Structures are given as structure tokens and as C-alpha cells.
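Peer 1: I have a structure I would like to understand better, so I am pasting it below and will then ask my questions one at a time.
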Amino acid sequence: MTERDQQAVEFYHSKQWQSIRDYVYSRDLATCQVCGNVVQDRKIVDHIIPRRLCSVQEALDSNNLWTLCGRCHYRKTKIEQIISKQQNGDIKLAHLDRDWWTKVLR
């Protein structure tokens with residue numbers, strides 16, 4: 001498991017995040033947007049463009065958020081880590097959209 005930095009901890013404990021997370025989870029009908037499985041164990045609302053590459057406003061934009069199951073979230077995180085290590089990896093990650101991720105994760 002990856003340790004979160006203090007800034008991330010504060011973000012994920014903020015009322016703004018909890019509110020938008022609950023909205024997206026409800027909007028997506030508690031269903032993984034990649035595989036279609038119902039997400040029951042915990043609310044996994046993922047940033048399509050990683051939070052660390054977003055402004056606070058972008059990090060709270062529901063268009064950059066989707067519900068994922070644990071399996072799809074784990075796979076997306078691993079792929080993000082691989083891309084991030086490439087030359088200009090963070091620039092690439094900042095431009096990958098929902099459609100690209102859906103194709104790759106399916």
C-alpha cells in the first residue's frame with residue numbers, strides 16, 4: 001500500500017472531496033465504469049487525470065472522476081505508475097482521457 005503525503009491526506013478528508021465523491025458514486029450508480037461490477041466494499045472514486053497532476057479545482061471536477069471497482073482501480077494505478085516513470089510520463093498522464101483508460105482497462 002502506498003503512503004499518502006500530508007497534502008493528499010488533507011484533500012481526501014475535506015468536506016469538498018467527500019461531497020463530490022458521494023455525488024460521483026451516486027451518479028455512477030455505485031457501478032464500476034470499466035467492468036460494470038457493483039462496487040460494494042468501499043467507495044472508490046478515481047481521478048482520471050491523477051490528483052497530483054491537477055489543480056484543486058480540477059481535482060474536484062466531477063468530469064475528471066469516475067467510480068471503479070477495487071480490481072480496475074488497482075490495475076489503473078499500476079499502469080499510471082509505469083507511465084509516470086517514462087520520459088515525459090506525467091505529461092502523458094495529464095492527457096489520457098476516460099475513453100483511453102476504458103479501452104486499456106477492458
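By convention here, the chains of the C-alpha cells are called A, B, ... in the order presented, each chain's residues are numbered starting at 1, and ligands are numbered starting at 1 in the order presented.
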Need the shell around A:Ile44: protein/DNA/RNA residues with any atom at most 7 Å away, counting only C-alpha atoms. Skip same-chain ones fewer than 5 positions apart. Format as a list in words?

Peer 2: Thr67, Leu68 and Cys69 of chain A

Peer 1: Selected residues, all heavy atoms, written as a PDB file, in the first residue's frame, please.

Peer 2:
ATOM      1  N   THR A  67     -16.296   6.120 -10.833  1.00  0.00           N
ATOM      2  CA  THR A  67     -16.304   5.035  -9.866  1.00  0.00           C
ATOM      3  C   THR A  67     -15.632   3.817 -10.496  1.00  0.00           C
ATOM      4  O   THR A  67     -15.923   3.452 -11.635  1.00  0.00           O
ATOM      5  CB  THR A  67     -17.755   4.689  -9.471  1.00  0.00           C
ATOM      6  OG1 THR A  67     -18.373   5.866  -8.955  1.00  0.00           O
ATOM      7  CG2 THR A  67     -17.800   3.577  -8.436  1.00  0.00           C
ATOM      8  N   LEU A  68     -14.711   3.216  -9.746  1.00  0.00           N
ATOM      9  CA  LEU A  68     -14.046   1.993 -10.182  1.00  0.00           C
ATOM     10  C   LEU A  68     -14.141   0.935  -9.087  1.00  0.00           C
ATOM     11  O   LEU A  68     -14.168   1.279  -7.898  1.00  0.00           O
ATOM     12  CB  LEU A  68     -12.560   2.247 -10.477  1.00  0.00           C
ATOM     13  CG  LEU A  68     -12.210   3.185 -11.625  1.00  0.00           C
ATOM     14  CD1 LEU A  68     -10.697   3.337 -11.743  1.00  0.00           C
ATOM     15  CD2 LEU A  68     -12.799   2.710 -12.943  1.00  0.00           C
ATOM     16  N   CYS A  69     -14.167  -0.321  -9.481  1.00  0.00           N
ATOM     17  CA  CYS A  69     -14.083  -1.406  -8.503  1.00  0.00           C
ATOM     18  C   CYS A  69     -12.615  -1.528  -8.063  1.00  0.00           C
ATOM     19  O   CYS A  69     -11.721  -0.948  -8.686  1.00  0.00           O
ATOM     20  CB  CYS A  69     -14.580  -2.720  -9.095  1.00  0.00           C
ATOM     21  SG  CYS A  69     -13.522  -3.411 -10.395  1.00  0.00           S
TER      22      CYS A  69
END

Peer 1: Check the DSSP output for the backbone and give back, as a VMD selection string, the residues of chain A in strand (DSSP E).

Peer 2: chain A and resid 45 to 47 65 to 67

Peer 1: Please determine, counting only C-alpha atoms, which residue among A:Leu96, A:Ile20, A:Leu65, A:Leu105 has the shortest atom-to-atom distance to A:Arg51.

Peer 2: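 For A:Arg51, the nearest of the given residues is A:Leu65.
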
Peer 1: Each residue of stretch 7-57 of chain A lying at most 8 Å from stretch 82-93 of chain A should get a row with its shortest atom-to-atom pair and the distance in Å to one decimal, counting only C-alpha atoms; could you produce that, ordered by chain and increasing number, as a tab-separated table?

Peer 2:
residue	atom	partner	partner_atom	distance
A:Ile49	CA	A:Leu93	CA	6.4
A:Pro50	CA	A:Leu93	CA	7.4
A:Leu53	CA	A:Asp90	CA	7.5

Peer 1: Dump C-alpha atoms for the selected residues as a PDB file, in the first residue's frame?

Peer 2:
ATOM      1  CA  ILE A  49      -6.129  12.556 -14.534  1.00  0.00           C
ATOM      2  CA  PRO A  50      -4.211  11.808 -11.313  1.00  0.00           C
ATOM      3  CA  LEU A  53      -1.269  16.482 -11.590  1.00  0.00           C
TER       4      LEU A  53
END

Peer 1: Using only C-alpha atoms, which residues sit within 9 Å of A:Val38 once same-chain residues fewer than 6 positions away are excluded, as JSON, numbers by chain?

Peer 2: {"A": [29, 30, 31, 32, 69]}

Peer 1: Using N, CA, C and O atoms, can you export the residues from the last selection as a compact mmCIF listing (two decimals), in the first residue's frame?

Peer 2:
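Result went into selection.txt, see below:
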# COMPACT_ATOMS: atom_id res chain seq x y z
N LEU A 29 -24.10 5.20 -10.05
CA LEU A 29 -24.94 4.11 -9.53
C LEU A 29 -24.11 3.03 -8.83
O LEU A 29 -24.41 1.83 -8.94
N ALA A 30 -23.05 3.45 -8.15
CA ALA A 30 -22.17 2.53 -7.40
C ALA A 30 -21.68 1.38 -8.28
O ALA A 30 -21.53 0.25 -7.83
N THR A 31 -21.42 1.71 -9.55
CA THR A 31 -21.03 0.70 -10.53
C THR A 31 -19.70 1.08 -11.16
O THR A 31 -19.49 2.23 -11.55
N CYS A 32 -18.79 0.10 -11.26
CA CYS A 32 -17.51 0.33 -11.90
C CYS A 32 -17.75 0.75 -13.35
O CYS A 32 -18.45 0.06 -14.09
N CYS A 69 -14.17 -0.32 -9.48
CA CYS A 69 -14.08 -1.41 -8.50
C CYS A 69 -12.62 -1.53 -8.06
O CYS A 69 -11.72 -0.95 -8.69

Peer 1: Please list as number ranges by chain every residue within 12 Å of A:Asp61, counting only C-alpha atoms and excluding residues in the same chain fewer than 3 positions away.

Peer 2: A: 16-17, 19-21, 23-24, 45-49, 51, 54-58, 64-66

Peer 1: Using Å and a single decimal, report how far atom CA of A:Ala94 sits from atom CA of A:His13.

Peer 2: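 Distance between the two atoms: 23.7 Å.
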
Peer 1: Per DSSP on the backbone, filter chain A down to the residues in alpha helix (DSSP H) and report them as a PyMOL selection string.

Peer 2: chain A and resi 6-12+15-27+56-59+70-85+89-93+98-105
